[in-house]
Amino acid sequence: MELCKCVFLCFSEKLLVLTVATEETDGFHRFMKSASYFNYTVKVLGMGEAWKGGDVGRSIGGGQKVRLLKEAMEALADQEDLVVLSVDSYDLIFAGGPEEILRKFQQANHKVLFAAEGLIWPDKRLADKYPSIRSGKRYLNSGGIIGYAPYINRVVSQWNLHDNDDDQLFYTKIYLDPLQRETLNMTLDHKCQIFQNLNGAVDEVLLKFGTGRVRVRNTVYDSLPVVVHGNGNTKMYLNYLANYVPNAWTYENGCSLCDDDIVDLSQLKVSYPNVLVGVFIEQPTPFLPEFFQRLLTLDYPKDKLNLFIHNNEVYHEKHIQKFWEENRNVFGSFKVVGPEENLSQGEARNMGMYYIRWLAVCEMLLSFICSDGITISPFCLLLPYRKIIGPLVTRHSKLWSNFWGALSLDGYYARSEDYVDIVQRKRVGVWNIPYMAHVYLVKGSVLRNELKERNYFVLEKLDPDMAFCRNSREMTSHREKDSPSPESFHMLRPPKGVFMYITNRHDFGRLISTANYNISHYNNDLWQIFENPVSVHRSLSDRVFVLQPCPDVFWFPVFSEKACDEIVGEMEHYGSWSGGRHEDKRISGGYETVPTDDIHMKQIGFDKEWLHFIREFISPVTLKVFSGYYTKGYAVMNFVVKYTPERQAYLRPHHDSSTFTINIALNNKDRDFEGGGCRFHRYNCSISSPRKGWSFMHPGRLTHLHEGLPTTNGTRYIAVSFIDP
Ligand SMILES: *[C@@H]1O[C@H](CO)[C@@H](O)[C@H](O)[C@H]1NC(C)=O
Ligand SMILES: *[C@@H]1O[C@H](CO)[C@@H](O)[C@H](O)[C@H]1NC(C)=O
Ligand SMILES: *[C@@H]1O[C@H](CO)[C@@H](O)[C@H](O)[C@H]1NC(C)=O
Ligand SMILES: *[C@@H]1O[C@H](CO)[C@@H](O)[C@H](O)[C@H]1NC(C)=O
Ligand SMILES: *[C@@H]1O[C@H](CO)[C@@H](O)[C@H](O)[C@H]1NC(C)=O
Ligand SMILES: *[C@@H]1O[C@H](CO)[C@@H](O)[C@H](O)[C@H]1NC(C)=O
């Protein structure tokens, strides 16, 4: 035991990590977090210095890193027992601890060990000069170097070039010199024992879940690398791995970093951050009034919420006008930019971003695109305070969501291995991802600093969210026009990308589909039963519980107030009531023995939707109350009846031509009308107080002779279907 302890301590005392970072990027913080998790001793070189080491893309550079290392090594040159590990930090994490590195370094039996990769950079002509190897990665990568201090010093002390000269070329030349290779006892980590460069090797690595710890396994060399480097264009893949490694998410403990940096707003009662809520309505959008109502229910001081609404649709001006009139004084501020401005989506978004700078005290931008159906109440309170973070929202029972787990090489959608688990909330946490849309929160200070470039939502032909995400990820001022080939992506200066997170720690709600939203009806949301079933369902009463007021007459809630009002409104808008005559061209035979004053669903183009409603919401009740009977959910006669003393007040006793009938009250007794109700003769049983939104269900043909009792005042509306005629 004693010996082990000593060995462990001795090892950890002997390793010093040196890294160059001129800025504290998100990637740098992630690196430092993984280092401190394993108790590495890290010395950061160059912090705050201006970067002169060149830019990303095709240029070479990185010499500044060698110069800084050279300066630091001068003081360490004579420490023979000290092992120095020099690594990049913006795009690199540790997957194991210092003792493991030291053990593997000693097993390598060399004085200096460089990381290796399969791609040669920056000078392909040097390929022949590399010693041949039987297997493994052949070429040097300077993102990771480990060696005894005096030897590292002898390598870097040879540096006499400029800050923007290439560091990798410098090391490569030393390594390729056979004499130096021998005297300095140098080799490469060909089989990824310590260093895993991901460039060109993404297919070789997998996550390996252990107890409370996650590693990266290289499946080609069957190794567990300790240093994982997202070099080249593998930054997004490193972000994915780092969502797990070393312990960010495990099967045993779930998310271990989720509560880091969380703002406990309850502690902030006096000084809630100001939030600019950007709402971007770029196309006709179902359920917009409901969306606005949800804004009002946000659990957040309304005077700290500043509304910026961009509306591109004349159709929605009435909704916004109404909301504005009722609530303009509720919010800290309220600005609307209408369709007359003729802004593109990207311009509108830029304007919102710009607006946040006017509001000097604004801390956050909460951006909703086209008013999705999101339950946002707990949202602000529960989000950790990351620079950019969005809640996971999905489409009802679909795998469609507002984020991408991975990017294809050309920058479009790719599915990550964990995408489905995250969408289905089998893995819950806060995930660093490359793309999100529809709803997210951006820290105000980021907008004023990292994202201070004005034109953030416009980039090439990308949609505004794609542009925003790419700009945030890449965050470099000079972009190459054509996409460089993977090897030329050797990033000497990794982009100081801002990490974007999605959280699925709570069920934040659903996305509404705006596709196929036909706004040529009067109440268009009624027609959303196919496209947005959940939203329609929400407007139906959720719990079905069933009463039986008369024998085999079942009574249960189906519609919300709003759904009832919209159906009545739709019918009155159509207006051609039949007048209750026996002659009726709408039905086969042209004659109705027991006519009502009605409008058929078909007449307003609502028959398909209505049958869908019967199948989805009525059939399950049928099965419950008439067990053993499986309804086809088929009906020809679907209509709304209007009873009023001035026209038709009642309906004489009759049977229905149906296996069973539903009869839904669409308005309120004693408020909208007096009298009314239904009487079943065989049982001498009346129901005289129909409830708005509730349906009766009773057999049609044989047992349930019934009549509609007189409406004595006002107007009564019911919706009726003869099912399985
Ligand atoms: C790091 O050090 C702390 C305190 O000494 C210790 O509790 C912890 O287990 C160490 N972490 C690792 C990964 O060894
Ligand atoms: C490198 O150094 C080790 C001892 O640290 C020695 O065993 C090995 O032979 C040396 N290799 C070369 C190529 O000089
Ligand atoms: C709106 O902007 C588009 C594109 O910028 C332009 O083609 C169109 O003519 C503009 N419409 C009006 C009414 O100004
Ligand atoms: C929208 O509804 C109207 C009226 O029902 C119909 O005439 C029209 O074809 C529909 N449009 C689309 C695109 O479905
Ligand atoms: C029907 O019920 C009413 C009271 O509910 C009662 O007064 C009447 O006598 C009953 N009629 C028959 C035929 O049973
Ligand atoms: C009918 O209802 C209206 C309004 O609710 C009321 O003013 C009127 O007195 C009622 N008429 C009768 C006959 O009850």
# chains A, B, ... in the order shown; residues from 1 in each chain; ligands from 1
$ residues_around --residues "stretch 48-52 of chain A" --least-positions-apart "6" --cutoff "7 Å" --atoms "only C-alpha atoms" --output "count of residues only"
5
$ select_by_dssp --residues "stretch 270-474 of chain A" --states "strand (DSSP E or B)" --output "count of residues only"
53
$ residues_near_ligand --ligand "ligand 1" --cutoff "8 Å" --atoms "only C-alpha atoms and all ligand atoms" --output "compact mmCIF listing (two decimals) with N, CA, C and O atoms, in the first residue's frame"
# COMPACT_ATOMS: atom_id res chain seq x y z
N SER A 36 -8.48 19.60 -14.15
CA SER A 36 -8.59 19.66 -12.70
C SER A 36 -9.35 18.45 -12.16
O SER A 36 -9.11 18.01 -11.03
N TYR A 37 -10.19 17.87 -12.98
CA TYR A 37 -10.86 16.64 -12.55
C TYR A 37 -9.83 15.55 -12.22
O TYR A 37 -9.98 14.80 -11.26
N PHE A 38 -8.76 15.49 -13.05
CA PHE A 38 -7.73 14.46 -12.84
C PHE A 38 -6.56 14.98 -12.00
O PHE A 38 -5.55 14.29 -11.87
N ASN A 39 -6.67 16.18 -11.48
CA ASN A 39 -5.62 16.77 -10.64
C ASN A 39 -4.29 16.94 -11.38
O ASN A 39 -3.23 16.74 -10.80
N GLY A 97 -5.79 10.14 -16.13
CA GLY A 97 -5.03 10.96 -15.18
C GLY A 97 -3.53 10.95 -15.43
O GLY A 97 -3.03 10.23 -16.29
$ closest_residue --among "A:Glu317, A:Glu340, A:Asp303, A:Glu99" --to "ligand 3" --atoms "only C-alpha atoms and all ligand atoms"
A:Glu340
$ residues_around --residues "A:Tyr517" --least-positions-apart "3" --cutoff "12 Å" --atoms "only C-alpha atoms" --output "PyMOL selection string"
chain A and resi 283-287+315+512-514+520-521+523-532
$ closest_residue --among "A:Phe308, A:Trp404, A:Tyr40, A:Phe499" --to "A:Tyr90" --atoms "only C-alpha atoms"
A:Phe499
$ residues_near_ligand --ligand "ligand 2" --cutoff "10 Å" --atoms "only C-alpha atoms and all ligand atoms" --output "JSON, numbers by chain"
{"A": [106, 107, 108, 109, 110, 111, 112, 148, 181, 182, 183, 184, 185, 186, 187]}
$ residues_near_ligand --ligand "ligand 6" --cutoff "10 Å" --atoms "only C-alpha atoms and all ligand atoms" --output "ChimeraX atom specification"
/A:645,670-675,712-715
